[in-house]
$ cat work24.csv   # CSV, C-alpha atoms (C1' of nucleotides)
chain,number,residue,atom,x,y,z
A,809,MET,CA,-75.3,370.3,160.9
A,810,LYS,CA,-72.5,370.7,163.5
A,811,LYS,CA,-70.4,367.6,164.0
A,812,ASN,CA,-68.5,366.4,167.1
A,813,ILE,CA,-65.1,367.0,165.7
A,814,GLU,CA,-63.7,369.4,168.2
A,815,ASN,CA,-63.8,369.2,171.9
A,816,ALA,CA,-67.5,369.8,172.2
A,817,ILE,CA,-70.7,367.9,171.9
A,818,CYS,CA,-73.6,368.8,169.7
A,819,LEU,CA,-76.3,367.2,171.8
A,820,ALA,CA,-78.7,367.1,168.8
A,821,ASP,CA,-76.2,364.8,167.1
A,822,PHE,CA,-75.1,362.7,170.1
A,823,LEU,CA,-76.4,359.2,169.8
A,824,PRO,CA,-77.1,358.5,173.5
A,825,TYR,CA,-79.0,361.7,173.8
A,826,ARG,CA,-81.1,361.2,170.7
A,827,LEU,CA,-82.0,357.7,171.8
A,828,SER,CA,-83.0,358.9,175.2
A,829,VAL,CA,-85.2,361.7,174.0
A,830,LEU,CA,-86.8,359.5,171.3
A,831,SER,CA,-87.4,356.6,173.7
A,832,ASN,CA,-88.9,358.8,176.4
A,833,ARG,CA,-91.2,360.5,173.9
A,834,ILE,CA,-92.5,357.2,172.6
A,835,SER,CA,-92.9,355.6,176.1
A,836,ARG,CA,-94.6,358.6,177.4
A,837,ALA,CA,-97.1,358.7,174.5
A,838,ILE,CA,-98.0,355.0,174.9
A,839,ALA,CA,-98.3,355.3,178.7
A,840,ASP,CA,-100.6,358.3,178.2
A,841,GLY,CA,-102.8,355.8,176.2
A,842,TYR,CA,-103.4,353.5,179.2
A,843,GLU,CA,-102.2,355.0,182.5
A,844,GLU,CA,-105.2,357.2,183.2
A,845,LYS,CA,-107.7,354.8,181.6
A,846,PHE,CA,-106.6,351.7,183.5
A,847,GLN,CA,-104.8,353.2,186.4
A,848,LEU,CA,-101.7,351.3,185.3
A,849,THR,CA,-98.1,352.5,185.5
A,850,LEU,CA,-95.4,351.6,183.0
A,851,PRO,CA,-93.7,349.1,185.3
A,852,GLU,CA,-97.1,347.5,186.1
A,853,TRP,CA,-97.8,347.2,182.4
A,854,ARG,CA,-94.5,345.6,181.8
A,855,VAL,CA,-95.2,343.0,184.4
A,856,MET,CA,-98.6,342.3,182.9
A,857,ALA,CA,-97.1,342.2,179.4
A,858,VAL,CA,-94.7,339.3,180.2
A,859,LEU,CA,-97.3,337.4,182.2
A,860,GLY,CA,-99.7,337.8,179.4
A,861,GLU,CA,-97.2,336.1,177.1
A,862,GLU,CA,-96.2,333.4,179.6
A,863,SER,CA,-97.8,332.5,182.9
A,864,ASP,CA,-96.5,331.1,186.1
A,865,LEU,CA,-93.2,333.0,186.1
A,866,SER,CA,-91.4,333.9,189.4
A,867,ALA,CA,-90.7,337.5,190.3
A,868,ALA,CA,-87.1,337.0,189.3
A,869,GLN,CA,-88.1,335.7,185.9
A,870,VAL,CA,-90.3,338.7,185.4
A,871,ALA,CA,-87.4,340.9,186.3
A,872,GLU,CA,-85.2,339.2,183.8
A,873,ARG,CA,-87.7,339.4,181.0
A,874,THR,CA,-88.7,343.1,181.6
A,875,ALA,CA,-85.1,344.3,182.4
A,876,MET,CA,-86.6,345.7,185.6
A,877,ASP,CA,-84.8,345.3,189.0
A,878,LYS,CA,-86.3,343.0,191.6
A,879,VAL,CA,-87.5,345.9,193.8
A,880,ALA,CA,-89.4,347.5,191.0
A,881,VAL,CA,-91.0,344.1,190.2
A,882,SER,CA,-91.9,343.5,193.8
A,883,ARG,CA,-93.6,346.9,194.0
A,884,ALA,CA,-95.5,346.5,190.7
A,885,VAL,CA,-96.6,342.9,191.6
A,886,ASN,CA,-97.9,344.1,194.9
A,887,LYS,CA,-99.9,346.9,193.4
A,888,LEU,CA,-101.3,344.5,190.8
A,889,LEU,CA,-102.2,342.0,193.5
A,890,GLU,CA,-104.1,344.6,195.4
A,891,ALA,CA,-106.0,345.6,192.3
A,892,ASP,CA,-106.8,341.9,191.7
A,893,ARG,CA,-105.1,341.9,188.4
A,894,LEU,CA,-102.6,339.2,189.3
A,895,GLU,CA,-102.8,335.9,191.2
A,896,ARG,CA,-99.9,334.7,193.2
A,897,HIS,CA,-99.2,331.5,194.9
A,898,PHE,CA,-95.9,330.0,196.0
A,899,SER,CA,-94.0,327.0,194.7
A,900,PRO,CA,-94.5,323.9,196.8
A,901,GLU,CA,-90.9,322.8,196.2
A,902,ASP,CA,-89.5,326.2,197.1
A,903,LYS,CA,-91.7,328.3,199.3
A,904,ARG,CA,-89.7,331.5,198.6
A,905,ARG,CA,-90.5,331.3,194.9
A,906,SER,CA,-93.6,333.0,193.8
A,907,VAL,CA,-95.7,331.8,190.8
A,908,LEU,CA,-97.4,334.7,189.1
A,909,ALA,CA,-100.2,334.8,186.6
A,910,LEU,CA,-102.8,337.3,185.3
A,911,SER,CA,-106.2,337.0,187.0
A,912,ASN,CA,-109.3,337.0,184.7
A,913,GLU,CA,-109.6,340.7,185.4
A,914,GLY,CA,-105.9,341.2,184.6
A,915,ARG,CA,-106.3,339.2,181.4
A,916,ALA,CA,-109.2,341.4,180.3
A,917,ILE,CA,-107.2,344.6,180.9
A,918,TYR,CA,-104.2,343.0,179.1
A,919,ASN,CA,-106.5,342.3,176.1
A,920,GLU,CA,-107.5,345.9,176.1
A,921,VAL,CA,-104.1,347.5,176.4
A,922,ILE,CA,-102.4,345.3,173.8
A,923,PRO,CA,-104.0,347.0,170.8
A,924,ILE,CA,-103.2,350.4,172.3
A,925,ALA,CA,-99.6,349.6,172.7
A,926,LEU,CA,-99.4,347.9,169.3
A,927,GLY,CA,-101.3,350.7,167.7
A,928,TYR,CA,-98.6,353.2,168.8
A,929,GLU,CA,-95.8,350.9,167.6
A,930,GLY,CA,-97.7,350.6,164.3
A,931,LYS,CA,-98.0,354.3,164.0
A,932,ILE,CA,-94.3,354.5,164.1
A,933,LEU,CA,-93.5,351.5,161.9
A,934,ASP,CA,-96.0,352.5,159.3
A,935,LYS,CA,-93.8,355.6,158.6
A,936,LEU,CA,-90.9,353.3,157.7
A,937,SER,CA,-90.4,351.4,154.5
A,938,ALA,CA,-89.9,347.6,154.6
A,939,VAL,CA,-86.2,348.2,154.1
A,940,GLU,CA,-86.0,350.8,156.9
A,941,LYS,CA,-87.9,348.4,159.2
A,942,GLU,CA,-85.5,345.7,158.4
A,943,ALA,CA,-82.5,348.1,159.0
A,944,LEU,CA,-84.0,349.2,162.3
A,945,THR,CA,-84.5,345.7,163.6
A,946,SER,CA,-81.0,344.6,162.6
A,947,LEU,CA,-79.4,347.8,164.2
A,948,LEU,CA,-81.3,347.1,167.4
A,949,ASP,CA,-80.1,343.5,167.4
A,950,LYS,CA,-76.6,344.7,166.9
A,951,LEU,CA,-76.7,347.5,169.4
A,952,GLU,CA,-78.1,345.3,172.1
A,953,THR,CA,-75.1,343.0,171.9
A,954,ILE,CA,-72.6,345.8,172.5
A,955,GLN,CA,-70.7,345.6,175.8
A,956,LEU,CA,-70.4,349.0,177.4
A,957,GLN,CA,-68.9,348.5,180.9
A,958,ALA,CA,-65.5,350.1,180.9
B,160,MET,CA,-88.4,334.8,167.1
B,161,LYS,CA,-92.0,335.3,168.2
B,162,LYS,CA,-93.9,337.9,166.3
B,163,ASN,CA,-96.7,340.2,167.4
B,164,ILE,CA,-99.3,338.6,165.2
B,165,GLU,CA,-101.9,337.5,167.7
B,166,ASN,CA,-103.3,339.5,170.6
B,167,ALA,CA,-100.1,339.4,172.6
B,168,ILE,CA,-96.9,341.3,172.8
B,169,CYS,CA,-93.5,339.8,172.7
B,170,LEU,CA,-91.7,342.5,174.7
B,171,ALA,CA,-88.3,341.5,173.3
B,172,ASP,CA,-89.6,342.4,169.8
B,173,PHE,CA,-91.6,345.5,170.9
B,174,LEU,CA,-89.9,348.6,169.5
B,175,PRO,CA,-90.7,351.0,172.3
B,176,TYR,CA,-89.5,348.5,174.9
B,177,ARG,CA,-86.2,347.8,173.0
B,178,LEU,CA,-85.5,351.5,172.6
B,179,SER,CA,-86.1,352.1,176.2
B,180,VAL,CA,-83.9,349.3,177.5
B,181,LEU,CA,-81.1,350.2,175.0
B,182,SER,CA,-81.2,353.9,175.8
B,183,ASN,CA,-81.2,353.3,179.5
B,184,ARG,CA,-78.3,351.0,179.3
B,185,ILE,CA,-76.2,353.4,177.3
B,186,SER,CA,-77.1,356.5,179.4
B,187,ARG,CA,-76.4,354.6,182.6
B,188,ALA,CA,-73.0,353.4,181.3
B,189,ILE,CA,-72.0,356.9,180.3
B,190,ALA,CA,-73.2,358.5,183.5
B,191,ASP,CA,-71.2,355.9,185.4
B,192,GLY,CA,-68.2,357.4,183.7
B,193,TYR,CA,-68.7,360.9,185.2
B,194,GLU,CA,-71.2,360.9,188.0
B,195,GLU,CA,-69.0,359.7,190.8
B,196,LYS,CA,-65.9,361.3,189.5
B,197,PHE,CA,-67.3,364.7,189.0
B,198,GLN,CA,-70.3,364.6,191.3
B,199,LEU,CA,-72.4,365.4,188.3
B,200,THR,CA,-75.9,364.1,187.5
B,201,LEU,CA,-77.2,363.4,184.0
B,202,PRO,CA,-79.5,366.5,184.0
B,203,GLU,CA,-76.6,368.7,185.3
B,204,TRP,CA,-74.4,367.3,182.6
B,205,ARG,CA,-77.0,368.0,179.9
B,206,VAL,CA,-77.2,371.6,181.0
B,207,MET,CA,-73.4,371.9,180.9
B,208,ALA,CA,-73.3,370.2,177.5
B,209,VAL,CA,-75.5,372.8,175.9
B,210,LEU,CA,-73.8,375.7,177.6
B,211,GLY,CA,-70.4,374.4,176.6
B,212,GLU,CA,-71.6,374.6,173.0
B,213,GLU,CA,-73.3,377.9,173.3
B,214,SER,CA,-73.0,380.5,176.1
B,215,ASP,CA,-75.4,383.0,177.5
B,216,LEU,CA,-78.6,381.0,177.0
B,217,SER,CA,-81.6,381.5,179.2
B,218,ALA,CA,-83.0,378.7,181.3
B,219,ALA,CA,-85.9,378.3,178.8
B,220,GLN,CA,-83.4,378.0,175.9
B,221,VAL,CA,-81.5,375.4,177.9
B,222,ALA,CA,-84.7,373.5,178.4
B,223,GLU,CA,-85.5,373.6,174.7
B,224,ARG,CA,-82.1,372.4,173.7
B,225,THR,CA,-81.9,369.6,176.2
B,226,ALA,CA,-85.6,368.5,176.0
B,227,MET,CA,-85.7,368.9,179.8
B,228,ASP,CA,-88.6,370.6,181.4
B,229,LYS,CA,-88.1,374.0,183.1
B,230,VAL,CA,-88.3,372.6,186.6
B,231,ALA,CA,-85.5,370.1,185.9
B,232,VAL,CA,-83.4,372.9,184.4
B,233,SER,CA,-84.0,375.2,187.3
B,234,ARG,CA,-82.9,372.5,189.7
B,235,ALA,CA,-79.8,371.5,187.7
B,236,VAL,CA,-78.8,375.1,187.2
B,237,ASN,CA,-79.1,375.8,190.9
B,238,LYS,CA,-76.9,372.9,191.9
B,239,LEU,CA,-74.4,373.9,189.3
B,240,LEU,CA,-74.4,377.5,190.6
B,241,GLU,CA,-73.8,376.2,194.1
B,242,ALA,CA,-70.9,374.2,192.9
B,243,ASP,CA,-69.5,377.2,191.0
B,244,ARG,CA,-69.7,375.5,187.7
B,245,LEU,CA,-72.0,378.0,186.2
B,246,GLU,CA,-72.3,381.8,186.2
B,247,ARG,CA,-75.7,383.5,186.1
B,248,HIS,CA,-76.7,387.0,185.6
B,249,PHE,CA,-79.9,388.5,184.5
B,250,SER,CA,-80.8,390.3,181.3
B,251,PRO,CA,-80.9,394.1,181.8
B,252,GLU,CA,-83.8,394.3,179.3
B,253,ASP,CA,-85.9,391.6,181.0
B,254,LYS,CA,-85.0,391.0,184.6
B,255,ARG,CA,-86.8,387.7,184.6
B,256,ARG,CA,-84.5,386.2,181.9
B,257,SER,CA,-81.4,384.5,183.2
B,258,VAL,CA,-78.2,384.5,181.2
B,259,LEU,CA,-76.2,381.4,181.9
B,260,ALA,CA,-72.6,380.4,181.1
B,261,LEU,CA,-70.1,377.9,182.3
B,262,SER,CA,-67.6,379.2,184.8
B,263,ASN,CA,-63.9,378.5,184.3
B,264,GLU,CA,-64.3,375.6,186.7
B,265,GLY,CA,-67.3,374.4,184.7
B,266,ARG,CA,-65.5,374.7,181.5
B,267,ALA,CA,-62.6,372.7,182.9
B,268,ILE,CA,-65.0,369.9,183.9
B,269,TYR,CA,-66.8,370.1,180.6
B,270,ASN,CA,-63.5,369.6,178.8
B,271,GLU,CA,-62.9,366.5,180.9
B,272,VAL,CA,-66.3,365.0,180.5
B,273,ILE,CA,-66.5,365.5,176.7
B,274,PRO,CA,-64.0,362.8,175.9
B,275,ILE,CA,-65.6,360.4,178.3
B,276,ALA,CA,-69.0,360.9,176.6
B,277,LEU,CA,-67.7,360.8,173.1
B,278,GLY,CA,-65.6,357.7,174.0
B,279,TYR,CA,-68.7,355.8,174.9
B,280,GLU,CA,-70.5,356.9,171.8
B,281,GLY,CA,-67.4,355.9,169.8
B,282,LYS,CA,-67.4,352.5,171.4
B,283,ILE,CA,-70.8,352.0,170.0
B,284,LEU,CA,-70.4,353.6,166.6
B,285,ASP,CA,-67.1,351.7,166.0
B,286,LYS,CA,-69.1,348.5,166.0
B,287,LEU,CA,-71.2,349.7,163.1
B,288,SER,CA,-70.1,349.9,159.4
B,289,ALA,CA,-70.3,353.2,157.6
B,290,VAL,CA,-73.5,352.0,156.0
B,291,GLU,CA,-75.0,351.1,159.3
B,292,LYS,CA,-74.0,354.4,160.8
B,293,GLU,CA,-75.6,356.2,157.9
B,294,ALA,CA,-78.8,354.1,158.3
B,295,LEU,CA,-78.9,354.7,162.0
B,296,THR,CA,-78.7,358.5,161.6
B,297,SER,CA,-81.3,358.6,158.9
B,298,LEU,CA,-83.6,356.4,161.0
B,299,LEU,CA,-83.3,358.6,164.0
B,300,ASP,CA,-83.9,361.7,161.8
B,301,LYS,CA,-87.1,360.1,160.5
B,302,LEU,CA,-88.3,358.7,163.9
B,303,GLU,CA,-87.8,362.1,165.5
B,304,THR,CA,-90.2,363.7,163.1
B,305,ILE,CA,-93.1,361.3,163.8
B,306,GLN,CA,-96.1,362.8,165.5
B,307,LEU,CA,-97.4,360.5,168.3
B,308,GLN,CA,-100.0,362.5,170.2
B,309,ALA,CA,-103.3,360.7,169.6
C,1009,DC,C1',-76.6,316.7,211.2
C,1010,DG,C1',-75.6,321.6,211.6
C,1011,DA,C1',-73.3,326.0,210.6
C,1012,DT,C1',-72.6,329.0,206.7
C,1013,DA,C1',-73.7,330.8,202.4
C,1014,DT,C1',-77.0,331.8,198.9
C,1015,DT,C1',-81.3,332.9,196.9
C,1016,DA,C1',-86.2,335.0,196.6
C,1017,DG,C1',-88.5,338.6,197.7
C,1018,DT,C1',-89.7,342.8,200.8
C,1019,DT,C1',-88.9,346.9,203.5
C,1020,DT,C1',-86.7,351.1,204.5
C,1021,DC,C1',-84.8,355.4,203.6
C,1022,DA,C1',-83.0,359.0,201.1
C,1023,DT,C1',-83.1,361.0,196.6
C,1024,DT,C1',-85.3,362.2,192.3
C,1025,DC,C1',-88.9,363.6,189.5
C,1026,DG,C1',-93.2,365.6,187.7
C,1027,DT,C1',-97.3,368.4,188.2
C,1028,DA,C1',-99.3,372.2,189.9
C,1029,DA,C1',-99.3,376.4,192.3
C,1030,DC,C1',-96.7,380.4,193.1
C,1031,DT,C1',-93.8,385.0,192.5
C,1032,DA,C1',-91.9,388.5,189.8
C,1033,DT,C1',-91.7,390.8,185.6
C,1034,DT,C1',-93.2,392.2,181.2
C,1035,DT,C1',-96.5,392.6,177.4
C,1036,DG,C1',-100.7,393.9,175.2
C,1037,DC,C1',-104.5,396.4,174.6
C,1038,DA,C1',-108.7,399.1,176.2
D,293,DT,C1',-102.0,405.0,181.9
D,294,DG,C1',-103.4,400.8,184.0
D,295,DC,C1',-105.2,396.3,184.4
D,296,DA,C1',-105.5,391.5,182.5
D,297,DA,C1',-102.8,388.0,180.3
D,298,DA,C1',-98.6,386.0,179.3
D,299,DT,C1',-93.8,384.7,180.4
D,300,DA,C1',-89.4,383.3,183.2
D,301,DG,C1',-88.2,380.9,186.7
D,302,DT,C1',-88.9,378.8,191.6
D,303,DT,C1',-91.2,376.4,195.3
D,304,DA,C1',-94.0,372.8,197.3
D,305,DC,C1',-95.7,368.4,197.5
D,306,DG,C1',-96.8,363.7,196.4
D,307,DA,C1',-95.4,359.8,193.8
D,308,DA,C1',-91.6,357.1,191.8
D,309,DT,C1',-86.9,355.2,192.1
D,310,DG,C1',-82.6,353.0,193.6
D,311,DA,C1',-79.4,351.2,197.0
D,312,DA,C1',-78.8,348.8,201.0
D,313,DA,C1',-80.4,346.3,204.8
D,314,DC,C1',-83.6,342.9,206.1
D,315,DT,C1',-86.5,338.2,206.4
D,316,DA,C1',-87.4,333.7,205.2
D,317,DA,C1',-86.3,329.6,202.9
D,318,DT,C1',-83.1,326.6,200.7
D,319,DA,C1',-78.6,324.8,199.4
D,320,DT,C1',-73.8,323.5,200.5
D,321,DC,C1',-70.4,321.3,202.7
D,322,DG,C1',-67.7,320.1,206.8

$ encode --input "work24.csv" --output "structure tokens"
Amino acid sequence: MKKNIENAICLADFLPYRLSVLSNRISRAIADGYEEKFQLTLPEWRVMAVLGEESDLSAAQVAERTAMDKVAVSRAVNKLLEADRLERHFSPEDKRRSVLALSNEGRAIYNEVIPIALGYEGKILDKLSAVEKEALTSLLDKLETIQLQA
Amino acid sequence: MKKNIENAICLADFLPYRLSVLSNRISRAIADGYEEKFQLTLPEWRVMAVLGEESDLSAAQVAERTAMDKVAVSRAVNKLLEADRLERHFSPEDKRRSVLALSNEGRAIYNEVIPIALGYEGKILDKLSAVEKEALTSLLDKLETIQLQA
DNA sequence: CGATATTAGTTTCATTCGTAACTATTTGCA
DNA sequence: TGCAAATAGTTACGAATGAAACTAATATCG
């Protein structure tokens, strides 16, 4: 396998490229499992996923937990509200702050999507040994802490 | 740390989500290192990267090596042609097939971007021990082979 | 109290992206 | 040969995305 020793990049060996291709492939496969069936986009699903875990978050808290930006959250929330998958009211103390939660319908969909998403993750993790799974988790923990801004 | 044992997802522990966030963060950081400076988008850079390694590829071969689809390649190639960073002629045997290569100007830019890209990768890899680097490579090798299509 | 700054969330606009349809060329095979 | 199918690449179009400007509500501080 060609290495990046001279002034050239072998894309196939380049970590950022490999992560990008792998991640896109996995996300696409999972989204294919629910997008058409539930008319649900990836950003919408992410919003539902955090609200399934914890209710009554503000849009900003959803953004924080999903690593989405506030515009993306706003759009996803509005589409979910239109589809009656979310309920929103506003905090009495601060009328700007929204308080978001899954509706019954949203919860039902959440309960259906969860096994699909976990199924795909399982399909991947099942191919790894216990040691490899451990290594993967610990590498991700470490990589997530790395500061990149020049 | 909350685990995915019940019918819920802890996004922060969910492998596809973690990969996606990590990969986007890294790609964004690297792109910030060349996009503005060279007026170069990520897909354009990917095309240049493969042609820097190997010249006279067709658009389809570029697509294959970059994991981009043919439309994205077509667009990137056309922008690079307009900017005189690429040269294109067509195969005499098959007038449909393009033969792409970096221009001198493209090569010069390639030579400038390479160290930026490798620098970011190095910044990440330097935080890992030799054993961790080995584990990462072997995990990626393995994960890349996994079949996901339901 | 009242002006200014900050914060939450939305809207706008320009760009990007993906899918599907299209053109041109070549291949295969009756 | 010659016509249908396949292939290389482009175009068209609607949806998704991101940055910046905007609105409304609250906080700060003279």

$ interface_residues --input "work24.csv" --of "chain C" --to "chain B" --cutoff "9 Å" --atoms "all atoms listed in the file" --output "compact mmCIF listing (two decimals) with C-alpha atoms (C1' of nucleotides), in the coordinates of the input"
# COMPACT_ATOMS: atom_id res chain seq x y z
C1' DC C 1025 -88.90 363.60 189.50
C1' DG C 1026 -93.20 365.60 187.70
C1' DA C 1032 -91.90 388.50 189.80
C1' DT C 1033 -91.70 390.80 185.60
C1' DT C 1034 -93.20 392.20 181.20

$ interface_residues --input "work24.csv" --of "chain D" --to "chain A" --cutoff "12 Å" --atoms "all atoms listed in the file" --output "PyMOL selection string"
chain D and resi 307-312+315-319

$ atom_distance --input "work24.csv" --atom1 "atom CA of Ala884 of chain A" --atom2 "atom CA of Ala167 of chain B"
20.0 Å

$ atom_distance --input "work24.csv" --atom1 "atom CA of Leu888 of chain A" --atom2 "atom CA of Ser911 of chain A"
9.7 Å

$ residues_around --input "work24.csv" --residues "Val272 of chain B" --least-positions-apart "2" --cutoff "10 Å" --atoms "all atoms listed in the file" --output "JSON, numbers by chain"
{"A": [815, 816], "B": [189, 190, 192, 193, 194, 196, 197, 199, 204, 207, 208, 266, 267, 268, 269, 270, 274, 275, 276, 277, 278]}

$ residues_around --input "work24.csv" --residues "Ile185 of chain B" --least-positions-apart "5" --cutoff "12 Å" --atoms "only C-alpha atoms (C1' of nucleotides)" --output "list in words"
Phe822, Leu823, Pro824, Tyr825, Arg826, Leu827, Ser828, Leu951, Glu952, Thr953, Ile954, Gln955, Leu956, Gln957 and Ala958 of chain A; Leu178, Ser179, Val180, Ala190, Asp191, Gly192, Ala276, Gly278, Tyr279, Glu280, Gly281, Lys282 and Ile283 of chain B

$ write_last_selection --input "work24.csv" --atoms "C-alpha atoms" --output "PDB file, keeping the file's coordinate frame"
ATOM      1  CA  PHE A 822     -75.100 362.700 170.100  1.00  0.00           C
ATOM      2  CA  LEU A 823     -76.400 359.200 169.800  1.00  0.00           C
ATOM      3  CA  PRO A 824     -77.100 358.500 173.500  1.00  0.00           C
ATOM      4  CA  TYR A 825     -79.000 361.700 173.800  1.00  0.00           C
ATOM      5  CA  ARG A 826     -81.100 361.200 170.700  1.00  0.00           C
ATOM      6  CA  LEU A 827     -82.000 357.700 171.800  1.00  0.00           C
ATOM      7  CA  SER A 828     -83.000 358.900 175.200  1.00  0.00           C
ATOM      8  CA  LEU A 951     -76.700 347.500 169.400  1.00  0.00           C
ATOM      9  CA  GLU A 952     -78.100 345.300 172.100  1.00  0.00           C
ATOM     10  CA  THR A 953     -75.100 343.000 171.900  1.00  0.00           C
ATOM     11  CA  ILE A 954     -72.600 345.800 172.500  1.00  0.00           C
ATOM     12  CA  GLN A 955     -70.700 345.600 175.800  1.00  0.00           C
ATOM     13  CA  LEU A 956     -70.400 349.000 177.400  1.00  0.00           C
ATOM     14  CA  GLN A 957     -68.900 348.500 180.900  1.00  0.00           C
ATOM     15  CA  ALA A 958     -65.500 350.100 180.900  1.00  0.00           C
TER      16      ALA A 958
ATOM     17  CA  LEU B 178     -85.500 351.500 172.600  1.00  0.00           C
ATOM     18  CA  SER B 179     -86.100 352.100 176.200  1.00  0.00           C
ATOM     19  CA  VAL B 180     -83.900 349.300 177.500  1.00  0.00           C
ATOM     20  CA  ALA B 190     -73.200 358.500 183.500  1.00  0.00           C
ATOM     21  CA  ASP B 191     -71.200 355.900 185.400  1.00  0.00           C
ATOM     22  CA  GLY B 192     -68.200 357.400 183.700  1.00  0.00           C
ATOM     23  CA  ALA B 276     -69.000 360.900 176.600  1.00  0.00           C
ATOM     24  CA  GLY B 278     -65.600 357.700 174.000  1.00  0.00           C
ATOM     25  CA  TYR B 279     -68.700 355.800 174.900  1.00  0.00           C
ATOM     26  CA  GLU B 280     -70.500 356.900 171.800  1.00  0.00           C
ATOM     27  CA  GLY B 281     -67.400 355.900 169.800  1.00  0.00           C
ATOM     28  CA  LYS B 282     -67.400 352.500 171.400  1.00  0.00           C
ATOM     29  CA  ILE B 283     -70.800 352.000 170.000  1.00  0.00           C
TER      30      ILE B 283
END

$ residues_near_point --input "work24.csv" --point "(-80.7, 388.6, 182.4)" --cutoff "6 Å" --atoms "all atoms listed in the file" --output "PyMOL selection string"
chain B and resi 248-251+254+256-258

$ decode --input "work24.csv" --residues "segment 1013-1026 of chain C" --atoms "N, CA and C atoms (P, O5', C5', C4', C3', O3' and C1' of nucleotides)" --output "compact mmCIF listing (two decimals), in the first residue's frame"
# COMPACT_ATOMS: atom_id res chain seq x y z
P DA C 1013 -24.55 48.92 22.23
O5' DA C 1013 -24.68 47.52 22.98
C5' DA C 1013 -24.20 47.43 24.34
C4' DA C 1013 -24.38 46.00 24.82
C3' DA C 1013 -23.96 44.94 23.79
O3' DA C 1013 -23.34 43.88 24.51
C1' DA C 1013 -26.25 44.65 24.32
P DT C 1014 -22.79 42.59 23.74
O5' DT C 1014 -23.91 41.49 24.05
C5' DT C 1014 -24.34 41.34 25.42
C4' DT C 1014 -25.39 40.26 25.49
C3' DT C 1014 -25.11 39.04 24.62
O3' DT C 1014 -25.25 37.89 25.44
C1' DT C 1014 -27.31 39.84 24.26
P DT C 1015 -24.95 36.40 24.92
O5' DT C 1015 -26.43 35.84 24.71
C5' DT C 1015 -27.35 35.87 25.80
C4' DT C 1015 -28.68 35.36 25.30
C3' DT C 1015 -28.55 34.13 24.40
O3' DT C 1015 -29.42 33.11 24.90
C1' DT C 1015 -29.92 35.79 23.40
P DA C 1016 -29.59 31.74 24.13
O5' DA C 1016 -31.01 31.95 23.43
C5' DA C 1016 -32.19 31.95 24.22
C4' DA C 1016 -33.39 31.75 23.31
C3' DA C 1016 -33.25 30.55 22.37
O3' DA C 1016 -34.48 29.84 22.36
C1' DA C 1016 -33.52 32.58 21.11
P DG C 1017 -34.60 28.46 21.59
O5' DG C 1017 -35.04 28.95 20.15
C5' DG C 1017 -36.31 29.65 20.06
C4' DG C 1017 -36.38 30.35 18.73
C3' DG C 1017 -36.32 29.43 17.50
O3' DG C 1017 -37.63 29.40 16.95
C1' DG C 1017 -35.17 31.50 17.18
P DT C 1018 -37.96 28.73 15.54
O5' DT C 1018 -37.82 29.95 14.52
C5' DT C 1018 -38.61 31.11 14.74
C4' DT C 1018 -38.48 32.05 13.55
C3' DT C 1018 -38.72 31.41 12.19
O3' DT C 1018 -39.66 32.24 11.52
C1' DT C 1018 -36.66 32.58 12.18
P DT C 1019 -40.24 31.83 10.09
O5' DT C 1019 -39.39 32.75 9.09
C5' DT C 1019 -39.33 34.16 9.33
C4' DT C 1019 -38.39 34.79 8.31
C3' DT C 1019 -38.57 34.30 6.87
O3' DT C 1019 -38.69 35.46 6.06
C1' DT C 1019 -36.28 34.20 7.49
P DT C 1020 -39.03 35.38 4.49
O5' DT C 1020 -37.69 35.89 3.78
C5' DT C 1020 -36.78 36.73 4.49
C4' DT C 1020 -35.46 36.81 3.73
C3' DT C 1020 -35.52 36.39 2.26
O3' DT C 1020 -34.73 37.31 1.52
C1' DT C 1020 -33.85 35.16 3.36
P DC C 1021 -34.94 37.45 -0.09
O5' DC C 1021 -33.49 37.04 -0.62
C5' DC C 1021 -32.33 37.53 0.08
C4' DC C 1021 -31.15 36.67 -0.30
C3' DC C 1021 -31.20 36.13 -1.74
O3' DC C 1021 -29.91 36.25 -2.33
C1' DC C 1021 -30.86 34.37 -0.23
P DA C 1022 -29.73 36.12 -3.92
O5' DA C 1022 -28.16 35.81 -4.02
C5' DA C 1022 -27.34 35.83 -2.86
C4' DA C 1022 -26.56 34.53 -2.77
C3' DA C 1022 -26.25 33.87 -4.11
O3' DA C 1022 -24.89 33.47 -4.12
C1' DA C 1022 -27.29 32.32 -2.70
P DT C 1023 -24.23 32.75 -5.38
O5' DT C 1023 -23.93 31.28 -4.83
C5' DT C 1023 -23.33 31.16 -3.52
C4' DT C 1023 -23.37 29.71 -3.10
C3' DT C 1023 -22.88 28.71 -4.16
O3' DT C 1023 -21.82 27.99 -3.57
C1' DT C 1023 -24.92 27.99 -3.18
P DT C 1024 -21.09 26.78 -4.31
O5' DT C 1024 -21.86 25.50 -3.73
C5' DT C 1024 -22.10 25.41 -2.33
C4' DT C 1024 -22.80 24.09 -2.05
C3' DT C 1024 -22.26 22.93 -2.90
O3' DT C 1024 -22.06 21.85 -1.99
C1' DT C 1024 -24.61 23.10 -3.14
P DC C 1025 -21.40 20.49 -2.37
O5' DC C 1025 -22.69 19.59 -2.62
C5' DC C 1025 -23.67 19.52 -1.58
C4' DC C 1025 -24.79 18.62 -2.03
C3' DC C 1025 -24.31 17.46 -2.91
O3' DC C 1025 -24.63 16.25 -2.26
C1' DC C 1025 -26.20 18.61 -3.87
P DG C 1026 -24.28 14.85 -2.91
O5' DG C 1026 -25.71 14.38 -3.44
C5' DG C 1026 -26.85 14.53 -2.58
C4' DG C 1026 -28.07 13.99 -3.29
C3' DG C 1026 -27.81 12.73 -4.11
O3' DG C 1026 -28.92 11.86 -3.94
C1' DG C 1026 -28.56 14.49 -5.55
